[in-house]
>>> print(open('work_34.json').read())   # JSON, C-alpha atoms and all ligand atoms
[["chain", "number", "residue", "atom", "x", "y", "z"],
["E", 1, "MET", "CA", -0.94, -13.32, 15.49],
["E", 2, "GLU", "CA", -1.59, -15.15, 18.76],
["E", 3, "TYR", "CA", -4.96, -13.77, 19.89],
["E", 4, "VAL", "CA", -6.52, -12.15, 16.82],
["E", 5, "ARG", "CA", -7.66, -13.82, 13.59],
["E", 6, "LEU", "CA", -8.22, -11.92, 10.38],
["E", 7, "GLU", "CA", -10.13, -13.69, 7.61],
["E", 8, "LYS", "CA", -11.47, -12.42, 4.32],
["E", 9, "GLU", "CA", -14.34, -13.88, 2.36],
["E", 10, "GLY", "CA", -15.16, -11.98, -0.81],
["E", 11, "SER", "CA", -15.06, -8.34, 0.19],
["E", 12, "ILE", "CA", -15.93, -8.94, 3.86],
["E", 13, "ALA", "CA", -13.16, -9.06, 6.47],
["E", 14, "THR", "CA", -13.85, -10.78, 9.77],
["E", 15, "ILE", "CA", -11.71, -10.02, 12.81],
["E", 16, "THR", "CA", -12.06, -12.51, 15.66],
["E", 17, "ILE", "CA", -10.65, -11.86, 19.13],
["E", 18, "ASP", "CA", -9.43, -15.35, 19.91],
["E", 19, "ARG", "CA", -8.47, -15.75, 23.55],
["E", 20, "PRO", "CA", -11.38, -17.84, 24.81],
["E", 21, "LYS", "CA", -9.62, -19.09, 27.97],
["E", 22, "ALA", "CA", -9.80, -15.51, 29.28],
["E", 23, "LEU", "CA", -13.20, -14.87, 27.64],
["E", 24, "ASN", "CA", -11.32, -12.90, 24.96],
["E", 25, "ALA", "CA", -10.20, -10.25, 27.48],
["E", 26, "LEU", "CA", -8.02, -7.55, 25.94],
["E", 27, "ASN", "CA", -4.46, -7.75, 27.18],
["E", 28, "LEU", "CA", -1.77, -5.57, 25.66],
["E", 29, "THR", "CA", -0.78, -8.23, 23.11],
["E", 30, "THR", "CA", -4.38, -8.56, 21.93],
["E", 31, "LEU", "CA", -4.73, -4.80, 21.59],
["E", 32, "LYS", "CA", -1.49, -4.66, 19.59],
["E", 33, "GLU", "CA", -2.65, -7.46, 17.33],
["E", 34, "LEU", "CA", -6.06, -5.86, 16.85],
["E", 35, "LYS", "CA", -4.29, -2.71, 15.71],
["E", 36, "GLN", "CA", -2.21, -4.79, 13.27],
["E", 37, "ALA", "CA", -5.36, -6.46, 11.90],
["E", 38, "LEU", "CA", -7.02, -3.08, 11.36],
["E", 39, "ALA", "CA", -3.91, -1.80, 9.56],
["E", 40, "GLN", "CA", -4.06, -4.86, 7.33],
["E", 41, "VAL", "CA", -7.73, -4.17, 6.55],
["E", 42, "VAL", "CA", -6.90, -0.58, 5.58],
["E", 43, "LYS", "CA", -4.19, -1.86, 3.20],
["E", 44, "THR", "CA", -6.53, -4.33, 1.50],
["E", 45, "ALA", "CA", -8.20, -2.42, -1.32],
["E", 46, "ASP", "CA", -11.31, -4.51, -1.88],
["E", 47, "VAL", "CA", -12.56, -4.84, 1.72],
["E", 48, "ARG", "CA", -16.04, -3.28, 1.86],
["E", 49, "ALA", "CA", -17.12, -4.13, 5.42],
["E", 50, "VAL", "CA", -15.60, -5.54, 8.59],
["E", 51, "ILE", "CA", -17.23, -7.86, 11.12],
["E", 52, "LEU", "CA", -15.75, -8.02, 14.60],
["E", 53, "THR", "CA", -16.55, -10.92, 16.90],
["E", 54, "GLY", "CA", -15.22, -13.11, 19.71],
["E", 55, "ALA", "CA", -14.08, -16.74, 19.57],
["E", 56, "GLY", "CA", -15.98, -19.43, 21.46],
["E", 57, "GLU", "CA", -19.53, -19.71, 22.71],
["E", 58, "LYS", "CA", -19.36, -17.48, 25.71],
["E", 59, "ALA", "CA", -17.87, -14.10, 25.04],
["E", 60, "PHE", "CA", -17.49, -11.31, 22.55],
["E", 61, "VAL", "CA", -14.87, -9.66, 24.79],
["E", 62, "ALA", "CA", -15.21, -9.77, 28.61],
["E", 63, "GLY", "CA", -13.26, -6.55, 29.05],
["E", 64, "ALA", "CA", -9.76, -5.29, 29.42],
["E", 65, "ASP", "CA", -7.54, -7.91, 31.05],
["E", 66, "ILE", "CA", -8.07, -7.33, 34.76],
["E", 67, "GLY", "CA", -5.05, -9.42, 35.81],
["E", 68, "GLU", "CA", -2.76, -7.36, 33.61],
["E", 69, "MET", "CA", -4.28, -4.02, 34.68],
["E", 70, "ALA", "CA", -4.31, -4.77, 38.40],
["E", 71, "GLY", "CA", -0.75, -3.64, 39.09],
["E", 72, "TYR", "CA", -0.67, -0.61, 36.80],
["E", 73, "SER", "CA", 0.71, 2.69, 38.04],
["E", 74, "THR", "CA", -1.09, 5.88, 37.03],
["E", 75, "SER", "CA", 1.25, 6.42, 34.09],
["E", 76, "GLN", "CA", 0.90, 2.82, 32.91],
["E", 77, "ALA", "CA", -2.89, 3.19, 33.14],
["E", 78, "LEU", "CA", -2.68, 6.33, 31.03],
["E", 79, "SER", "CA", -0.66, 4.63, 28.29],
["E", 80, "PHE", "CA", -3.02, 1.62, 28.39],
["E", 81, "ALA", "CA", -6.04, 3.93, 28.01],
["E", 82, "GLN", "CA", -4.26, 5.78, 25.19],
["E", 83, "ALA", "CA", -3.55, 2.49, 23.37],
["E", 84, "GLY", "CA", -7.22, 1.50, 23.71],
["E", 85, "HIS", "CA", -8.49, 4.91, 22.60],
["E", 86, "ARG", "CA", -6.20, 4.85, 19.55],
["E", 87, "ILE", "CA", -7.71, 1.54, 18.44],
["E", 88, "MET", "CA", -11.29, 2.72, 18.93],
["E", 89, "THR", "CA", -10.47, 5.85, 16.91],
["E", 90, "ILE", "CA", -8.92, 3.76, 14.11],
["E", 91, "LEU", "CA", -12.05, 1.59, 14.04],
["E", 92, "GLU", "CA", -14.33, 4.62, 13.84],
["E", 93, "ALA", "CA", -12.24, 6.20, 11.11],
["E", 94, "LEU", "CA", -12.10, 3.09, 8.88],
["E", 95, "PRO", "CA", -13.52, 4.07, 5.49],
["E", 96, "VAL", "CA", -15.71, 0.95, 5.51],
["E", 97, "PRO", "CA", -18.54, 0.07, 7.89],
["E", 98, "THR", "CA", -17.76, -2.06, 10.92],
["E", 99, "ILE", "CA", -20.23, -4.50, 12.45],
["E", 100, "ALA", "CA", -19.92, -5.90, 15.98],
["E", 101, "ALA", "CA", -21.34, -9.43, 16.21],
["E", 102, "VAL", "CA", -21.79, -9.63, 19.97],
["E", 103, "ASN", "CA", -21.96, -13.36, 20.61],
["E", 104, "GLY", "CA", -21.72, -13.35, 24.42],
["E", 105, "PHE", "CA", -20.31, -11.15, 27.20],
["E", 106, "ALA", "CA", -19.40, -7.67, 25.96],
["E", 107, "LEU", "CA", -18.20, -6.06, 29.15],
["E", 108, "GLY", "CA", -16.04, -3.06, 29.93],
["E", 109, "GLY", "CA", -13.46, -2.70, 27.16],
["E", 110, "GLY", "CA", -15.44, -5.29, 25.15],
["E", 111, "CYS", "CA", -18.59, -3.21, 25.27],
["E", 112, "GLU", "CA", -16.46, -0.18, 24.37],
["E", 113, "LEU", "CA", -15.07, -2.08, 21.38],
["E", 114, "ALA", "CA", -18.62, -2.78, 20.18],
["E", 115, "LEU", "CA", -19.55, 0.86, 20.78],
["E", 116, "ALA", "CA", -16.76, 1.97, 18.43],
["E", 117, "CYS", "CA", -18.30, -0.12, 15.63],
["E", 118, "ASP", "CA", -20.92, 1.34, 13.29],
["E", 119, "LEU", "CA", -23.55, -1.36, 13.82],
["E", 120, "ILE", "CA", -24.05, -3.73, 16.75],
["E", 121, "TYR", "CA", -26.01, -6.99, 16.48],
["E", 122, "ALA", "CA", -26.25, -9.38, 19.41],
["E", 123, "SER", "CA", -27.03, -12.99, 20.10],
["E", 124, "GLU", "CA", -29.88, -13.83, 22.50],
["E", 125, "LYS", "CA", -27.16, -15.03, 24.91],
["E", 126, "ALA", "CA", -25.26, -11.74, 24.96],
["E", 127, "LYS", "CA", -24.80, -9.69, 28.10],
["E", 128, "LEU", "CA", -23.51, -6.16, 27.87],
["E", 129, "GLY", "CA", -22.32, -3.67, 30.42],
["E", 130, "LEU", "CA", -19.69, -1.31, 31.74],
["E", 131, "PRO", "CA", -18.97, -2.80, 35.19],
["E", 132, "GLU", "CA", -15.73, -0.84, 35.79],
["E", 133, "VAL", "CA", -16.98, 0.95, 38.94],
["E", 134, "SER", "CA", -17.21, -2.50, 40.58],
["E", 135, "LEU", "CA", -13.43, -2.66, 40.09],
["E", 136, "GLY", "CA", -12.86, 0.85, 41.42],
["E", 137, "VAL", "CA", -12.25, 2.47, 38.03],
["E", 138, "ILE", "CA", -14.27, 3.94, 35.18],
["E", 139, "PRO", "CA", -14.47, 2.92, 31.53],
["E", 140, "GLY", "CA", -11.13, 3.76, 29.91],
["E", 141, "PHE", "CA", -11.64, 3.14, 26.19],
["E", 142, "GLY", "CA", -14.26, 5.81, 25.45],
["E", 143, "GLY", "CA", -17.30, 4.14, 27.02],
["E", 144, "THR", "CA", -18.44, 7.15, 29.05],
["E", 145, "GLN", "CA", -18.58, 9.19, 25.85],
["E", 146, "ARG", "CA", -19.84, 6.74, 23.23],
["E", 147, "LEU", "CA", -22.49, 5.07, 25.41],
["E", 148, "ALA", "CA", -23.91, 8.45, 26.42],
["E", 149, "ARG", "CA", -24.05, 9.57, 22.79],
["E", 150, "LEU", "CA", -25.78, 6.35, 21.75],
["E", 151, "VAL", "CA", -28.34, 5.77, 24.50],
["E", 152, "GLY", "CA", -28.52, 9.22, 26.14],
["E", 153, "ARG", "CA", -26.72, 10.58, 29.18],
["E", 154, "SER", "CA", -29.28, 9.48, 31.71],
["E", 155, "ARG", "CA", -29.34, 5.80, 30.69],
["E", 156, "ALA", "CA", -25.53, 5.81, 30.30],
["E", 157, "LYS", "CA", -25.19, 7.18, 33.84],
["E", 158, "GLU", "CA", -27.51, 4.49, 35.16],
["E", 159, "LEU", "CA", -25.51, 1.71, 33.47],
["E", 160, "ILE", "CA", -22.10, 3.13, 34.38],
["E", 161, "PHE", "CA", -22.94, 4.13, 37.99],
["E", 162, "THR", "CA", -24.54, 0.75, 38.81],
["E", 163, "GLY", "CA", -22.18, -1.38, 36.70],
["E", 164, "ASP", "CA", -25.21, -3.55, 35.91],
["E", 165, "LEU", "CA", -25.07, -6.05, 33.05],
["E", 166, "ILE", "CA", -28.07, -6.07, 30.73],
["E", 167, "ASP", "CA", -29.29, -8.81, 28.42],
["E", 168, "ALA", "CA", -29.54, -8.41, 24.67],
["E", 169, "ALA", "CA", -33.28, -7.68, 24.67],
["E", 170, "ARG", "CA", -32.80, -4.83, 27.15],
["E", 171, "ALA", "CA", -29.82, -3.55, 25.14],
["E", 172, "ARG", "CA", -32.04, -3.44, 22.07],
["E", 173, "GLU", "CA", -34.72, -1.58, 23.97],
["E", 174, "TYR", "CA", -32.10, 1.02, 24.96],
["E", 175, "GLY", "CA", -30.87, 1.35, 21.36],
["E", 176, "LEU", "CA", -27.48, -0.09, 22.21],
["E", 177, "VAL", "CA", -27.89, -3.05, 19.84],
["E", 178, "LEU", "CA", -29.85, -3.01, 16.61],
["E", 179, "GLU", "CA", -31.22, -6.55, 16.51],
["E", 180, "VAL", "CA", -31.13, -9.68, 18.66],
["E", 181, "LEU", "CA", -30.61, -13.01, 16.86],
["E", 182, "PRO", "CA", -30.55, -16.66, 17.90],
["E", 183, "PRO", "CA", -26.88, -17.55, 18.53],
["E", 184, "ASP", "CA", -26.61, -19.74, 15.42],
["E", 185, "LYS", "CA", -28.04, -17.00, 13.19],
["E", 186, "LEU", "CA", -25.94, -14.08, 14.41],
["E", 187, "MET", "CA", -22.96, -14.39, 12.05],
["E", 188, "ALA", "CA", -25.16, -15.13, 9.03],
["E", 189, "HIS", "CA", -27.20, -12.01, 9.77],
["E", 190, "CYS", "CA", -24.04, -9.88, 10.11],
["E", 191, "ARG", "CA", -22.71, -11.30, 6.84],
["E", 192, "ASP", "CA", -26.00, -10.54, 5.07],
["E", 193, "VAL", "CA", -25.87, -6.93, 6.24],
["E", 194, "ALA", "CA", -22.17, -6.69, 5.32],
["E", 195, "ASN", "CA", -22.81, -8.14, 1.85],
["E", 196, "LYS", "CA", -25.67, -5.76, 1.22],
["E", 197, "ILE", "CA", -23.44, -2.81, 2.18],
["E", 198, "ALA", "CA", -20.66, -4.27, -0.02],
["E", 199, "SER", "CA", -22.99, -4.21, -3.02],
["E", 200, "ARG", "CA", -23.56, -0.43, -2.69],
["E", 201, "GLY", "CA", -21.29, 2.34, -3.97],
["E", 202, "PRO", "CA", -18.13, 2.12, -1.82],
["E", 203, "SER", "CA", -17.25, 5.82, -2.00],
["E", 204, "ALA", "CA", -20.84, 6.74, -1.19],
["E", 205, "VAL", "CA", -20.87, 4.43, 1.85],
["E", 206, "ALA", "CA", -17.50, 5.83, 2.99],
["E", 207, "GLN", "CA", -18.72, 9.42, 2.63],
["E", 208, "ALA", "CA", -21.98, 8.60, 4.43],
["E", 209, "LYS", "CA", -20.00, 7.13, 7.34],
["E", 210, "ARG", "CA", -17.64, 10.11, 7.47],
["E", 211, "VAL", "CA", -20.41, 12.69, 7.34],
["E", 212, "ILE", "CA", -22.54, 10.96, 10.01],
["E", 213, "GLU", "CA", -19.55, 10.46, 12.34],
["E", 214, "HIS", "CA", -18.08, 13.95, 12.01],
["E", 215, "GLY", "CA", -21.49, 15.62, 11.82],
["E", 216, "ALA", "CA", -22.38, 14.30, 15.28],
["E", 217, "ASP", "CA", -19.87, 16.76, 16.82],
["E", 218, "LEU", "CA", -20.97, 19.75, 14.72],
["E", 219, "THR", "CA", -23.87, 22.18, 14.64],
["E", 220, "LEU", "CA", -26.72, 21.17, 12.29],
["E", 221, "ALA", "CA", -25.72, 23.93, 9.86],
["E", 222, "ALA", "CA", -22.07, 22.83, 9.77],
["E", 223, "GLY", "CA", -23.07, 19.18, 9.40],
["E", 224, "ASN", "CA", -25.43, 20.00, 6.54],
["E", 225, "GLU", "CA", -22.67, 21.95, 4.82],
["E", 226, "MET", "CA", -20.37, 18.93, 5.15],
["E", 227, "GLU", "CA", -23.11, 16.76, 3.63],
["E", 228, "ARG", "CA", -23.52, 19.11, 0.65],
["E", 229, "GLN", "CA", -19.77, 19.03, -0.02],
["E", 230, "ALA", "CA", -19.61, 15.24, 0.17],
["E", 231, "PHE", "CA", -22.71, 14.88, -2.05],
["E", 232, "ALA", "CA", -21.12, 17.09, -4.71],
["E", 233, "LEU", "CA", -17.75, 15.32, -4.43],
["E", 234, "LEU", "CA", -19.39, 11.99, -5.28],
["E", 235, "PHE", "CA", -20.42, 13.38, -8.68],
["E", 236, "GLY", "CA", -16.73, 13.21, -9.57],
["E", 237, "THR", "CA", -16.68, 9.40, -9.17],
["E", 238, "GLN", "CA", -17.17, 6.60, -11.69],
["E", 239, "ASP", "CA", -19.48, 4.95, -9.19],
["E", 240, "GLN", "CA", -21.98, 7.83, -9.39],
["E", 241, "LYS", "CA", -21.98, 7.59, -13.19],
["E", 242, "GLU", "CA", -22.36, 3.80, -13.07],
["E", 243, "GLY", "CA", -25.02, 3.85, -10.32],
["E", 244, "MET", "CA", -27.27, 6.30, -12.15],
["E", 245, "LYS", "CA", -26.65, 4.75, -15.59],
["E", 246, "ALA", "CA", -27.54, 1.32, -14.20],
["E", 247, "PHE", "CA", -30.78, 2.71, -12.76],
["E", 248, "VAL", "CA", -31.77, 4.21, -16.10],
["E", 249, "GLU", "CA", -30.83, 0.96, -17.90],
["E", 250, "LYS", "CA", -32.77, -1.10, -15.31],
["E", 251, "ARG", "CA", -29.83, -3.32, -14.33],
["E", 252, "PRO", "CA", -27.80, -3.80, -11.15],
["E", 253, "ALA", "CA", -24.87, -1.41, -10.81],
["E", 254, "ALA", "CA", -21.32, -2.75, -11.04],
["E", 255, "PHE", "CA", -19.44, -0.50, -8.66],
["E", 256, "THR", "CA", -15.63, -0.42, -8.68],
["E", 257, "GLY", "CA", -14.97, 2.05, -5.90],
["E", 258, "GLN", "CA", -13.49, 4.50, -8.42],
["L", 1, "LIG", "N1", -9.80, -10.06, 32.40],
["L", 1, "LIG", "C1", -9.04, -11.15, 32.61],
["L", 1, "LIG", "N2", -9.53, -12.40, 32.69],
["L", 1, "LIG", "C2", -10.85, -12.54, 32.57],
["L", 1, "LIG", "C3", -11.72, -11.44, 32.35],
["L", 1, "LIG", "C4", -11.14, -10.14, 32.25],
["L", 1, "LIG", "N3", -11.86, -9.04, 32.00],
["L", 1, "LIG", "N4", -12.98, -11.90, 32.28],
["L", 1, "LIG", "C5", -12.91, -13.24, 32.44],
["L", 1, "LIG", "N5", -11.63, -13.62, 32.61],
["L", 1, "LIG", "C6", -11.13, -14.98, 32.82],
["L", 1, "LIG", "C7", -11.44, -15.47, 34.23],
["L", 1, "LIG", "O1", -10.46, -14.99, 35.13],
["L", 1, "LIG", "C8", -11.35, -16.97, 34.04],
["L", 1, "LIG", "O2", -10.00, -17.36, 33.99],
["L", 1, "LIG", "P1", -9.48, -18.70, 34.76],
["L", 1, "LIG", "O3", -9.84, -18.48, 36.18],
["L", 1, "LIG", "O4", -10.27, -19.81, 34.12],
["L", 1, "LIG", "O5", -8.01, -18.73, 34.48],
["L", 1, "LIG", "C9", -11.94, -17.17, 32.66],
["L", 1, "LIG", "O6", -11.84, -15.90, 31.99],
["L", 1, "LIG", "C10", -13.39, -17.57, 32.69],
["L", 1, "LIG", "O7", -14.09, -16.64, 33.47],
["L", 1, "LIG", "P2", -15.04, -17.07, 34.69],
["L", 1, "LIG", "O8", -14.61, -18.37, 35.29],
["L", 1, "LIG", "O9", -15.15, -15.89, 35.58],
["L", 1, "LIG", "O10", -16.42, -17.31, 33.91],
["L", 1, "LIG", "P3", -17.90, -17.12, 34.48],
["L", 1, "LIG", "O11", -18.80, -17.68, 33.46],
["L", 1, "LIG", "O12", -18.00, -17.64, 35.88],
["L", 1, "LIG", "O13", -18.11, -15.55, 34.55],
["L", 1, "LIG", "C11", -17.97, -13.25, 33.72],
["L", 1, "LIG", "C12", -18.11, -14.78, 33.38],
["L", 1, "LIG", "C13", -17.82, -12.50, 32.40],
["L", 1, "LIG", "C14", -19.27, -12.81, 34.43],
["L", 1, "LIG", "C15", -16.77, -13.08, 34.67],
["L", 1, "LIG", "O14", -15.63, -13.70, 34.08],
["L", 1, "LIG", "C16", -16.44, -11.64, 34.91],
["L", 1, "LIG", "O15", -17.11, -10.96, 35.68],
["L", 1, "LIG", "N6", -15.37, -11.13, 34.24],
["L", 1, "LIG", "C17", -14.93, -9.78, 34.40],
["L", 1, "LIG", "C18", -15.83, -8.87, 33.65],
["L", 1, "LIG", "C19", -15.45, -7.41, 33.82],
["L", 1, "LIG", "O16", -15.46, -6.88, 34.95],
["L", 1, "LIG", "N7", -15.10, -6.77, 32.73],
["L", 1, "LIG", "C20", -14.72, -5.41, 32.72],
["L", 1, "LIG", "C21", -13.24, -5.40, 32.86],
["L", 1, "LIG", "S1", -12.67, -3.79, 33.28],
["L", 1, "LIG", "C22", -8.81, 2.09, 31.84],
["L", 1, "LIG", "C23", -8.64, 1.35, 30.70],
["L", 1, "LIG", "C24", -9.51, 0.36, 30.42],
["L", 1, "LIG", "C25", -10.55, 0.07, 31.25],
["L", 1, "LIG", "C26", -10.74, 0.82, 32.39],
["L", 1, "LIG", "C27", -9.89, 1.84, 32.67],
["L", 1, "LIG", "N8", -7.89, 3.09, 32.15],
["L", 1, "LIG", "C28", -6.55, 2.86, 31.79],
["L", 1, "LIG", "C29", -8.25, 4.17, 32.99],
["L", 1, "LIG", "C30", -11.39, -1.03, 30.98],
["L", 1, "LIG", "C31", -11.77, -1.81, 32.01],
["L", 1, "LIG", "C32", -12.43, -3.05, 31.83],
["L", 1, "LIG", "O17", -12.71, -3.51, 30.75]]
>>> encode(input="work_34.json", output="structure tokens", more="lines below")
Ligand code: DAK
Amino acid sequence: MEYVRLEKEGSIATITIDRPKALNALNLTTLKELKQALAQVVKTADVRAVILTGAGEKAFVAGADIGEMAGYSTSQALSFAQAGHRIMTILEALPVPTIAAVNGFALGGGCELALACDLIYASEKAKLGLPEVSLGVIPGFGGTQRLARLVGRSRAKELIFTGDLIDAARAREYGLVLEVLPPDKLMAHCRDVANKIASRGPSAVAQAKRVIEHGADLTLAAGNEMERQAFALLFGTQDQKEGMKAFVEKRPAAFTGQ
């Protein structure tokens, strides 16, 4: 792949958007390669968490590629938005947690990419925002929906209507990022979180992710019913037997994902 790197260390996969000359902006090729990388992750049985980041010092992803988008017709814009939405949906539906390591600018489509991840950590140097209205458009990869669900409609409207960029500390205050780290500690922190998740029961983590994600669109009663079903289902796994046996025997559990 030209603009996307996929590396695996133990059970952690790291996907790096690697187009630093354009601040890792998402052109069509990059989107296609990101989709390929995610497909590869799905095929790799022992991946337990995915970290997504940007190459270089300056950017996570500075947005969709403005040069490429500039001449789009309405129908081209629709297929571009559909391609972006498909990728965000694939990310959200991955059975393993995804962590955005926001190491610099996360703007427009880049911010939307982070928003489609389960957890967002940022470097002190990061700047986040959805500046699309400054370009005469609106977010096209799910930002209007995911940002509003994460930080509330009012704050999302403020950020989207003004197009303002916010620093990492402000993003944390808004609940958009979980923690802010010194730049040289960001990846280590994300790996620590990923490794901790990887040490837990994989089916349990997958079910927790599924139930939280799907439950967000349901009534409380329907979401609780989904939780009960998933809880019961896990009692059919080896991991539940091992997890509880290990507790009783006062030793760490050796989960297999079965
Ligand atoms: N696209 C293409 N190239 C970009 C880019 C981007 N989003 N961001 C930066 N670059 C390129 C710059 O053009 C420059 O290239 P050269 O001139 O060196 O060839 C290089 O990266 C370095 O950037 P700068 O020289 O500008 O670096 P600075 O430090 O001065 O400024 C910056 C950094 C991040 C503040 C600035 O580059 C900037 O404002 N970039 C644009 C940020 C932005 O507006 N992002 C949102 C993009 S819009 C939709 C689908 C999708 C979307 C919307 C609708 N539908 C289909 C409906 C999504 C939209 C977006 O994401």
>>> closest_residue(input="work_34.json", among="E:Leu94, E:Ile87, E:Ile138, E:Ala49", to="ligand LIG 1 (chain L)", atoms="all atoms listed in the file")
E:Ile138
>>> closest_residue(input="work_34.json", among="E:Thr30, E:Ser75, E:Thr162, E:Thr44", to="ligand LIG 1 (chain L)", atoms="only C-alpha atoms and all ligand atoms")
E:Ser75
>>> residues_near_ligand(input="work_34.json", ligand="ligand LIG 1 (chain L)", cutoff="7 Å", atoms="only C-alpha atoms and all ligand atoms", output="list of chain:residue names")
E:Lys21, E:Ala22, E:Leu23, E:Ala25, E:Ala62, E:Gly63, E:Ala64, E:Asp65, E:Ile66, E:Gly67, E:Ala77, E:Leu78, E:Phe80, E:Ala81, E:Phe105, E:Leu107, E:Gly108, E:Gly109, E:Gly110, E:Leu130, E:Pro131, E:Glu132, E:Leu135, E:Val137, E:Ile138, E:Pro139, E:Gly140, E:Phe141
>>> atom_distance(input="work_34.json", atom1="CA of Asp239 (chain E)", atom2="CA of Gln258 (chain E)")
6.1 Å
>>> closest_atom_pairs(input="work_34.json", of="region 76-185 of chain E", to="region 191-209 of chain E", cutoff="12 Å", atoms="all atoms listed in the file", output="Markdown table")
| residue | atom | partner | partner_atom | distance |
| --- | --- | --- | --- | --- |
| E:Leu91 | CA | E:Lys209 | CA | 11.8 |
| E:Glu92 | CA | E:Lys209 | CA | 9.0 |
| E:Ala93 | CA | E:Lys209 | CA | 8.7 |
| E:Leu94 | CA | E:Ala206 | CA | 8.4 |
| E:Pro95 | CA | E:Ala206 | CA | 5.0 |
| E:Val96 | CA | E:Ala206 | CA | 5.8 |
| E:Pro97 | CA | E:Lys209 | CA | 7.2 |
| E:Thr98 | CA | E:Ala194 | CA | 8.5 |
| E:Ile99 | CA | E:Ala194 | CA | 7.7 |
| E:Ala100 | CA | E:Ala194 | CA | 10.9 |
| E:Ala101 | CA | E:Arg191 | CA | 9.7 |
| E:Cys117 | CA | E:Lys209 | CA | 11.1 |
| E:Asp118 | CA | E:Lys209 | CA | 8.4 |
| E:Leu119 | CA | E:Val193 | CA | 9.7 |
| E:Ile120 | CA | E:Val193 | CA | 11.1 |
| E:Tyr121 | CA | E:Val193 | CA | 10.2 |
| E:Leu178 | CA | E:Val193 | CA | 11.8 |
| E:Glu179 | CA | E:Val193 | CA | 11.6 |
| E:Lys185 | CA | E:Arg191 | CA | 10.1 |
>>> write_last_selection(input="work_34.json", atoms="C-alpha atoms", output="compact mmCIF listing (two decimals), in the frame of the given file")
# COMPACT_ATOMS: atom_id res chain seq x y z
CA LEU E 91 -12.05 1.59 14.04
CA GLU E 92 -14.33 4.62 13.84
CA ALA E 93 -12.24 6.20 11.11
CA LEU E 94 -12.10 3.09 8.88
CA PRO E 95 -13.52 4.07 5.49
CA VAL E 96 -15.71 0.95 5.51
CA PRO E 97 -18.54 0.07 7.89
CA THR E 98 -17.76 -2.06 10.92
CA ILE E 99 -20.23 -4.50 12.45
CA ALA E 100 -19.92 -5.90 15.98
CA ALA E 101 -21.34 -9.43 16.21
CA CYS E 117 -18.30 -0.12 15.63
CA ASP E 118 -20.92 1.34 13.29
CA LEU E 119 -23.55 -1.36 13.82
CA ILE E 120 -24.05 -3.73 16.75
CA TYR E 121 -26.01 -6.99 16.48
CA LEU E 178 -29.85 -3.01 16.61
CA GLU E 179 -31.22 -6.55 16.51
CA LYS E 185 -28.04 -17.00 13.19
>>> atom_distance(input="work_34.json", atom1="CA of Ala122 (chain E)", atom2="CA of Val151 (chain E)")
16.1 Å
>>> residues_around(input="work_34.json", residues="Asp217 (chain E)", least_positions_apart="4", cutoff="12 Å", atoms="only C-alpha atoms", output="PyMOL selection string")
chain E and resi 145-146+149+210-213+221-223+226
>>> residues_around(input="work_34.json", residues="Leu176 (chain E)", least_positions_apart="4", cutoff="9 Å", atoms="only C-alpha atoms", output="number ranges by chain")
E: 115, 120, 147, 150-151, 168, 170-172
>>> residues_around(input="work_34.json", residues="Pro182 (chain E)", least_positions_apart="6", cutoff="10 Å", atoms="only C-alpha atoms", output="JSON, numbers by chain")
{"E": [103, 122, 123, 124, 125, 189]}
>>> closest_residue(input="work_34.json", among="E:Gly175, E:Gly84, E:Gly257, E:Gly142", to="Asp46 (chain E)", atoms="only C-alpha atoms")
E:Gly257
>>> atom_distance(input="work_34.json", atom1="CA of Ala232 (chain E)", atom2="CA of Gly215 (chain E)")
16.6 Å
>>> residues_around(input="work_34.json", residues="Glu7 (chain E)", least_positions_apart="4", cutoff="12 Å", atoms="only C-alpha atoms", output="VMD selection string")
chain E and resid 11 to 17 37 to 38 40 to 41 44 47 50 to 53
>>> closest_residue(input="work_34.json", among="E:Ala148, E:Ala114, E:Ala70, E:Leu159", to="Val133 (chain E)", atoms="only C-alpha atoms")
E:Leu159
>>> closest_residue(input="work_34.json", among="E:Cys190, E:Ala45, E:Leu31, E:Leu128", to="Gln82 (chain E)", atoms="all atoms listed in the file")
E:Leu31
>>> closest_residue(input="work_34.json", among="E:Arg86, E:Gly129, E:Gly104, E:Leu26", to="Glu68 (chain E)", atoms="all atoms listed in the file")
E:Leu26
>>> decode(input="work_34.json", residues="region 74-86 of chain E", atoms="C-alpha atoms", output="compact mmCIF listing (two decimals), in the first residue's frame")
# COMPACT_ATOMS: atom_id res chain seq x y z
CA THR E 74 -22.82 16.26 -6.90
CA SER E 75 -22.81 12.58 -7.86
CA GLN E 76 -19.06 12.26 -7.34
CA ALA E 77 -19.46 13.93 -3.93
CA LEU E 78 -22.16 11.42 -3.05
CA SER E 79 -19.99 8.42 -3.95
CA PHE E 80 -17.05 9.96 -2.05
CA ALA E 81 -19.24 10.44 1.03
CA GLN E 82 -20.55 6.88 0.65
CA ALA E 83 -16.98 5.51 0.47
CA GLY E 84 -16.06 7.45 3.63
CA HIS E 85 -19.22 6.38 5.48
CA ARG E 86 -18.59 2.73 4.58
